[in-house]
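Some notes on the structure that comes next.
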Amino acid sequence: MFKKETEYALRGLVYIRIQNLNGRSPGISEISTEIETPQHYMAKILQRLVRMGFIQSIKGKNGGYSFNSQKPDLTLKEVIVSIEGDELFEGCGFGLKHCDEENPCPLHFSYAPIRDALNKLVNEETIQSLAGKNTSELDFVLSRK
């Protein structure tokens, strides 16, 4: 459903948060290995997430990635929109530029409730809430095994 970059970002952020809860700040090598992503690609994604202020990076021997505990929880929608834009949550399921209740596309009345439900889900769920879920539930999220 999402671009690979978004999937990797979400999985990486959840992994980082879980490690932070355990008192650790994982590095890029660990993150890439644990969530099974190409290290170079993941490094670029994490750089972008740091620039956006979603996480912080500490350089050096004891460095790694962490969340700022002073910031509010990070919604999935914030992450998704920052990478993909909001077209998935605002746009037409048929890809038309002008589609609404009065000028619906062939999918409008079937797609609108799905889009609205997805919008609700990603606004309510946060990286922090996912990281707090049962570890067995996260096996799929993190490793896609």
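Just remember, in the structure tokens the first chain shown is A, the second B, etc., residues are 1-based per chain, and ligands are 1-based in the order shown.
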
Strand (DSSP E or B) per DSSP on the backbone: members of segment 7-129 of chain A, as a list of chain:residue names: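 The strand (DSSP E or B) residues within segment 7-129 of chain A come out as A:Gln56, A:Ser57, A:Ile58, A:Gly64, A:Tyr65, A:Ser66, A:Thr75, A:Thr126.
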
Residues within 7 Å of segment 79-96 of chain A, only C-alpha atoms, excluding chain neighbours under 2 positions, as a ChimeraX atom specification: /A:6,75-77,98-99,105,107-108,111,115,119

Selection: 7 Å around segment 64-74 of chain A, only C-alpha atoms, excl. self and same-chain fewer than 4 positions, as JSON, numbers by chain: {"A": [16, 17, 20, 25, 26, 27, 55, 56, 57, 58, 59, 78, 126, 127, 128]}

In segment 72-143 of chain A, DSSP alpha helix (DSSP H) residues written as a PyMOL selection string: chain A and resi 76-84+87-90+108-124+127-131+135-143

Shell of 8 Å around Ile28 of chain A, only C-alpha atoms, local chain residues under 4 positions omitted, as a ChimeraX atom specification: /A:32,39,42-43,64

Output the selection as a JSON list (two decimals), in the first residue's frame - N, CA and C atoms for each residue.
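Everything below was put into selection.json:
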```json
[["chain", "number", "residue", "atom", "x", "y", "z"],
["A", 32, "SER", "N", 19.21, -1.64, 10.29],
["A", 32, "SER", "CA", 19.09, -2.26, 8.97],
["A", 32, "SER", "C", 19.05, -3.78, 9.05],
["A", 39, "GLN", "N", 21.24, -1.18, 4.13],
["A", 39, "GLN", "CA", 21.80, -0.20, 5.06],
["A", 39, "GLN", "C", 21.93, 1.18, 4.45],
["A", 42, "MET", "N", 18.49, 2.75, 4.14],
["A", 42, "MET", "CA", 17.95, 3.07, 5.47],
["A", 42, "MET", "C", 18.65, 4.29, 6.04],
["A", 43, "ALA", "N", 19.94, 4.42, 5.80],
["A", 43, "ALA", "CA", 20.70, 5.58, 6.28],
["A", 43, "ALA", "C", 20.12, 6.87, 5.70],
["A", 64, "GLY", "N", 23.72, 6.82, 18.24],
["A", 64, "GLY", "CA", 22.62, 6.06, 17.66],
["A", 64, "GLY", "C", 21.43, 6.97, 17.48]]
```

Pairwise distance for atom CA of Glu34 of chain A and atom CA of Arg11 of chain A, rounded to one decimal in Å: 9.8 Å

Computed interatomic separation between atom CA of Tyr8 of chain A and atom CA of Leu46 of chain A (Å):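 Between atom CA of Tyr8 of chain A and atom CA of Leu46 of chain A the gap works out to 9.4 Å.
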